[in-house]
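**Q** Okay, handing you the structure first.
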Amino acid sequence: MKIIEARDYDHMSRQAANIISAQVILKPASVLGLATGSSPIGAYRQLIDWYGKGDIDFSAVRTVNLDEYVGLGPEDSQSYAHFMRVHLFDHVNIRRENTHIPDGLNDDAQAECRRYDEIIASLGGIDLQLLGLGPNGHIGFNEPSRSFAKGTHKVELSPATVEANRRFFGPGRQVPGYAYTMGICDIMQARRVVMVVSGSHKAAIVRDAFLGPVTPEVPASILQLHRDFTLVADRESLSLL
Ligand code: GLP
C-alpha cells in the first residue's frame, strides 16, 4: 500500500483528484467506482473545476457507486443518487446512462444485489475505486462483522453508522436502517483503490485499519492486501500511524 500524506482536506482532495483525472486521461472509458460521504466532496469539486477548464473529459466514463440506502429513491434529497448528481454528475459531461447506483426502491434485495453485480461484471470490473472510511472502519456500507461479505448485499447499518450519518438528515428525519452495498470482493477486485481520509477523529481507525490485523471486524483492513491501494490522508488522520 502507498500512503500520500496531505497537509489538510483541500490538499488531500487535490491529490485524490489528480489520481482520478490521470486515470481518466490515460483511459477515457474508465470504470470509476464512486463514494459518498463528506470525504470525497472536495475531490469531486476539484474534478468539476478541471472539467470547466477543459482538462478532463467524462464523456466515455462509466461509474458504479458503492452503496445506497434501502427505501430512498433518486429524488430523495438524502439518497446517494441525489448526492452524486449534486456533487458531480450535474456539473460534468458524464452520460447519465453510464452512471449506476443500487436502486434503493427495489425491495427485492436478492434481485437488486444480483442485478448490481451483473452491471459491475458487464462493465468489465472497476478500474479505480474511490473510498471513504467509516468511523468504525466500514468501506461502502460493509460494516464490522464476523466475515467479509463478497458481493453486493443488503446490510443492516450499525448504531454507530446511523449515528455518524445522522448529521446529513434534517431534524425529524430518520436515518434508514438498511442499505445495499457493494461487497468486499467487488471492492478488492477493482484494479486500483484510492481512499480519502481526513481529520483527527479518523486517526484511531486509520491506525487500526492499516497497522492492525486484517479482520472483518475492521473491514477496511482488507485493503492491506490489495495490490494497488493508495491511502490519501491528511496529517491529522495519520497522526497515530
Ligand atoms: C458513509 C458511506 C461511506 C463513507 C462513510 C464515511 O457511511 N456509505 O462510503 O465512506 O460514510 O463518511 P465521511 O466521509 O463523511 O466520514
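Ligands are numbered from 1 in the order shown, chains are lettered A, B, ... in the order of the C-alpha cells, and residues start at 1 in each chain.
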When you look at Gly33 of chain A with a cut-off of 10 Å (counting only C-alpha atoms), what residues show up, excluding the ones that are within fewer than 5 positions of it in the same chain? I need them as JSON, numbers by chain.
**A** {"A": [62, 63, 64, 65, 66, 99, 100, 101, 120, 125, 126, 127, 128, 129, 130, 131, 182, 186, 187, 190, 192, 193, 194]}
**Q** What residues of the protein or nucleic acid chains come within 7 Å of ligand 1 when you use only C-alpha atoms and all ligand atoms? Reply as a PyMOL selection string.
**A** chain A and resi 35-40+66-67+131-135+138-141+161+165
**Q** Take the residues just selected and output them with N, CA and C atoms as an mmCIF file, in the first residue's frame.
**A**
```
data_model
loop_
_atom_site.group_PDB
_atom_site.id
_atom_site.type_symbol
_atom_site.label_atom_id
_atom_site.label_comp_id
_atom_site.auth_asym_id
_atom_site.auth_seq_id
_atom_site.Cartn_x
_atom_site.Cartn_y
_atom_site.Cartn_z
ATOM 1 N N ALA A 35 -17.774 7.052 -4.405
ATOM 2 C CA ALA A 35 -18.160 7.003 -2.994
ATOM 3 C C ALA A 35 -18.906 8.282 -2.617
ATOM 4 N N THR A 36 -19.639 8.185 -1.523
ATOM 5 C CA THR A 36 -20.329 9.361 -0.987
ATOM 6 C C THR A 36 -19.714 9.699 0.382
ATOM 7 N N GLY A 37 -20.404 10.520 1.155
ATOM 8 C CA GLY A 37 -19.860 10.973 2.442
ATOM 9 C C GLY A 37 -19.142 12.299 2.243
ATOM 10 N N SER A 38 -18.677 12.890 3.323
ATOM 11 C CA SER A 38 -18.053 14.212 3.210
ATOM 12 C C SER A 38 -16.624 14.130 2.657
ATOM 13 N N SER A 39 -15.965 12.989 2.811
ATOM 14 C CA SER A 39 -14.552 12.910 2.414
ATOM 15 C C SER A 39 -14.299 13.142 0.922
ATOM 16 N N PRO A 40 -15.083 12.559 -0.005
ATOM 17 C CA PRO A 40 -14.748 12.747 -1.425
ATOM 18 C C PRO A 40 -15.287 14.032 -2.054
ATOM 19 N N LEU A 66 -20.801 2.881 -4.721
ATOM 20 C CA LEU A 66 -20.659 1.827 -3.715
ATOM 21 C C LEU A 66 -21.975 1.365 -3.110
ATOM 22 N N ASP A 67 -22.880 2.329 -2.843
ATOM 23 C CA ASP A 67 -23.987 1.946 -1.973
ATOM 24 C C ASP A 67 -25.175 2.896 -2.101
ATOM 25 N N LEU A 131 -12.765 5.405 -2.192
ATOM 26 C CA LEU A 131 -13.406 5.037 -0.918
ATOM 27 C C LEU A 131 -13.227 6.138 0.114
ATOM 28 N N GLY A 132 -14.219 6.239 1.010
ATOM 29 C CA GLY A 132 -14.028 6.948 2.269
ATOM 30 C C GLY A 132 -13.829 5.877 3.333
ATOM 31 N N LEU A 133 -13.717 6.318 4.574
ATOM 32 C CA LEU A 133 -13.535 5.374 5.681
ATOM 33 C C LEU A 133 -14.542 5.702 6.772
ATOM 34 N N GLY A 134 -15.428 4.755 7.051
ATOM 35 C CA GLY A 134 -16.401 4.981 8.123
ATOM 36 C C GLY A 134 -15.695 5.021 9.463
ATOM 37 N N PRO A 135 -16.270 5.714 10.432
ATOM 38 C CA PRO A 135 -15.628 5.832 11.744
ATOM 39 C C PRO A 135 -15.423 4.487 12.438
ATOM 40 N N HIS A 138 -15.814 0.937 8.360
ATOM 41 C CA HIS A 138 -16.552 0.395 7.217
ATOM 42 C C HIS A 138 -16.093 1.015 5.908
ATOM 43 N N ILE A 139 -16.223 0.242 4.831
ATOM 44 C CA ILE A 139 -15.988 0.755 3.477
ATOM 45 C C ILE A 139 -17.241 0.456 2.673
ATOM 46 N N GLY A 140 -17.701 1.460 1.874
ATOM 47 C CA GLY A 140 -19.063 1.378 1.362
ATOM 48 C C GLY A 140 -19.940 1.307 2.601
ATOM 49 N N PHE A 141 -20.813 0.316 2.644
ATOM 50 C CA PHE A 141 -21.529 0.059 3.898
ATOM 51 C C PHE A 141 -21.207 -1.350 4.395
ATOM 52 N N THR A 161 -22.955 3.721 12.730
ATOM 53 C CA THR A 161 -23.080 4.315 11.393
ATOM 54 C C THR A 161 -24.321 5.184 11.300
ATOM 55 N N ASN A 165 -24.100 9.166 10.476
ATOM 56 C CA ASN A 165 -24.709 9.735 9.265
ATOM 57 C C ASN A 165 -25.931 10.599 9.568
#
```
**Q** Would you list the contacts of Gly52 of chain A as a PyMOL selection string, taking every protein, DNA or RNA residue within 12 Å and counting only C-alpha atoms, but skipping same-chain residues closer than 6 positions in sequence?
**A** chain A and resi 45-46+58+91-93
**Q** Closest to Gly177 of chain A among A:Val70, A:Met1, A:Ile205, A:Val214, using only C-alpha atoms?
**A**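 So, comparing all the options, the nearest one is A:Val70.
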**Q** Would you kindly return, as a compact mmCIF listing (two decimals) with N, CA, C and O atoms, in the first residue's frame, each protein, DNA or RNA residue with an atom no farther than 12 Å from any atom of Ala22 of chain A, considering only C-alpha atoms and excluding same-chain residues fewer than 4 positions away?
**A**
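part.txt was written with the following content:
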```
# COMPACT_ATOMS: atom_id res chain seq x y z
N ARG A 14 -7.16 17.52 -3.68
CA ARG A 14 -6.47 17.74 -4.96
C ARG A 14 -5.60 16.55 -5.33
O ARG A 14 -5.52 16.16 -6.50
N GLN A 15 -4.95 15.95 -4.32
CA GLN A 15 -4.11 14.78 -4.61
C GLN A 15 -4.97 13.63 -5.15
O GLN A 15 -4.60 12.97 -6.13
N ALA A 16 -6.12 13.41 -4.52
CA ALA A 16 -7.01 12.33 -4.98
C ALA A 16 -7.55 12.65 -6.37
O ALA A 16 -7.61 11.78 -7.25
N ALA A 17 -7.92 13.91 -6.58
CA ALA A 17 -8.46 14.30 -7.89
C ALA A 17 -7.39 14.13 -8.97
O ALA A 17 -7.70 13.77 -10.12
N ASN A 18 -6.15 14.38 -8.62
CA ASN A 18 -5.06 14.18 -9.58
C ASN A 18 -4.98 12.72 -10.02
O ASN A 18 -4.80 12.43 -11.21
N LEU A 26 -5.68 8.77 -19.08
CA LEU A 26 -4.99 7.62 -19.67
C LEU A 26 -5.97 6.61 -20.26
O LEU A 26 -5.66 5.94 -21.23
N LYS A 27 -7.16 6.51 -19.67
CA LYS A 27 -8.17 5.57 -20.17
C LYS A 27 -9.54 6.29 -20.13
O LYS A 27 -10.24 6.23 -19.13
N PRO A 28 -9.89 6.97 -21.22
CA PRO A 28 -11.12 7.79 -21.20
C PRO A 28 -12.38 6.99 -20.89
O PRO A 28 -13.34 7.55 -20.35
N SER A 30 -12.76 4.74 -18.65
CA SER A 30 -12.56 4.09 -17.35
C SER A 30 -13.88 3.81 -16.65
O SER A 30 -14.86 4.56 -16.78
N LEU A 47 -12.41 18.02 -9.54
CA LEU A 47 -12.62 17.44 -10.88
C LEU A 47 -13.55 18.33 -11.70
O LEU A 47 -13.34 18.53 -12.90
N TRP A 50 -11.55 21.27 -12.99
CA TRP A 50 -10.69 20.91 -14.13
C TRP A 50 -11.53 20.62 -15.38
O TRP A 50 -11.12 20.93 -16.49
N ASP A 55 -9.79 20.38 -18.99
CA ASP A 55 -8.67 19.47 -18.75
C ASP A 55 -9.07 18.02 -18.60
O ASP A 55 -8.20 17.14 -18.57
N ILE A 56 -10.34 17.75 -18.44
CA ILE A 56 -10.78 16.36 -18.23
C ILE A 56 -12.15 16.16 -18.87
O ILE A 56 -13.00 17.04 -18.80
N ASP A 57 -12.29 15.01 -19.52
CA ASP A 57 -13.50 14.74 -20.30
C ASP A 57 -14.15 13.46 -19.76
O ASP A 57 -13.50 12.40 -19.73
N ASP A 127 -12.01 0.03 -12.73
CA ASP A 127 -10.61 0.44 -12.93
C ASP A 127 -10.06 1.13 -11.69
O ASP A 127 -8.94 0.88 -11.27
N LEU A 128 -10.85 2.06 -11.15
CA LEU A 128 -10.40 2.79 -9.96
C LEU A 128 -11.57 2.93 -9.00
O LEU A 128 -12.62 3.46 -9.38
```
**Q** Atom CA of Tyr180 of chain A and atom CA of Val155 of chain A, how far apart in Å?
**A**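 These two atoms are separated by 6.2 Å.
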**Q** Step one, run DSSP on the backbone; step two, keep only residues of segment 65-124 of chain A assigned to helix (DSSP H, G or I); then write them as a ChimeraX atom specification.
**A** /A:80-87,89-91,96-98,109-122
**Q** Could you write out that same residue set with C-alpha atoms as a PDB file, in the first residue's frame?
**A**
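Saved to again-v4.pdb:
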```pdb
ATOM      1  CA  TYR A  80     -26.808   8.777  -2.644  1.00  0.00           C
ATOM      2  CA  ALA A  81     -28.192   9.068  -6.186  1.00  0.00           C
ATOM      3  CA  HIS A  82     -29.135  12.670  -5.333  1.00  0.00           C
ATOM      4  CA  PHE A  83     -25.751  13.249  -3.654  1.00  0.00           C
ATOM      5  CA  MET A  84     -23.911  12.180  -6.797  1.00  0.00           C
ATOM      6  CA  ARG A  85     -25.964  14.476  -9.030  1.00  0.00           C
ATOM      7  CA  VAL A  86     -25.405  17.457  -6.737  1.00  0.00           C
ATOM      8  CA  HIS A  87     -21.707  16.878  -6.103  1.00  0.00           C
ATOM      9  CA  PHE A  89     -22.842  14.352 -12.247  1.00  0.00           C
ATOM     10  CA  ASP A  90     -24.812  17.578 -12.828  1.00  0.00           C
ATOM     11  CA  HIS A  91     -21.594  19.517 -13.363  1.00  0.00           C
ATOM     12  CA  ARG A  96     -26.461   9.682 -17.155  1.00  0.00           C
ATOM     13  CA  GLU A  97     -26.984   6.222 -18.654  1.00  0.00           C
ATOM     14  CA  ASN A  98     -23.339   5.456 -17.843  1.00  0.00           C
ATOM     15  CA  ALA A 109     -32.989  -7.435  -2.164  1.00  0.00           C
ATOM     16  CA  GLN A 110     -31.746 -10.592  -3.813  1.00  0.00           C
ATOM     17  CA  ALA A 111     -32.739  -9.418  -7.293  1.00  0.00           C
ATOM     18  CA  GLU A 112     -31.285  -5.953  -6.761  1.00  0.00           C
ATOM     19  CA  CYS A 113     -27.945  -7.257  -5.480  1.00  0.00           C
ATOM     20  CA  ARG A 114     -27.670  -9.729  -8.346  1.00  0.00           C
ATOM     21  CA  ARG A 115     -28.578  -7.002 -10.866  1.00  0.00           C
ATOM     22  CA  TYR A 116     -25.890  -4.716  -9.451  1.00  0.00           C
ATOM     23  CA  ASP A 117     -23.136  -7.321  -9.501  1.00  0.00           C
ATOM     24  CA  GLU A 118     -24.103  -8.127 -13.093  1.00  0.00           C
ATOM     25  CA  ILE A 119     -23.713  -4.467 -14.007  1.00  0.00           C
ATOM     26  CA  ILE A 120     -20.200  -4.379 -12.492  1.00  0.00           C
ATOM     27  CA  ALA A 121     -19.298  -7.577 -14.355  1.00  0.00           C
ATOM     28  CA  SER A 122     -20.776  -6.316 -17.648  1.00  0.00           C
TER      29      SER A 122
END
```
**Q** My list of candidates is A:Ala203, A:Val175, A:Leu32, A:Leu225. Which is closest to Gly71 of chain A when distances are computed with only C-alpha atoms?
**A**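 Comparing A:Ala203, A:Val175, A:Leu32, A:Leu225 against Gly71 of chain A, the winner is A:Val175.
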**Q** Counting only C-alpha atoms, which residue out of A:Gly124, A:Pro159, A:Gly54, A:Gly104 sits closest to Ala179 of chain A?
**A**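 Using only C-alpha atoms, the shortest distance to Ala179 of chain A belongs to A:Gly104.
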**Q** Which one is closest to Gly212 of chain A: A:Asp228, A:Asp8, A:Leu241, A:Ala160? Count only C-alpha atoms.
**A** A:Leu241
**Q** Provide the atom CA of Met12 of chain A to atom CA of Ile41 of chain A distance in Å, to one decimal place.
**A** 10.9 Å
**Q** Which of these, A:Ser221, A:Arg166, A:Asn136, A:Arg207, has the shortest distance to Gln78 of chain A once you count only C-alpha atoms?
**A**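 Ranking A:Ser221, A:Arg166, A:Asn136, A:Arg207 by distance to Gln78 of chain A, first place goes to A:Arg166.
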**Q** With distances taken over only C-alpha atoms, which of A:Ser21, A:Val61, A:Pro74, A:Thr230 is nearest to Ile48 of chain A?
**A**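 Using only C-alpha atoms, Ile48 of chain A sits closest to A:Ser21.
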**Q** For Ser198 of chain A, work out the shell of residues within 6 Å, counting only C-alpha atoms and skipping chain neighbours fewer than 2 positions away, then give it as a PyMOL selection string.
**A** chain A and resi 233-234+237
**Q** Quick one, how far is atom CA of Val218 of chain A from atom CA of Gly170 of chain A?
**A**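 If I compute the distance from atom CA of Val218 of chain A to atom CA of Gly170 of chain A, I get 29.1 Å.
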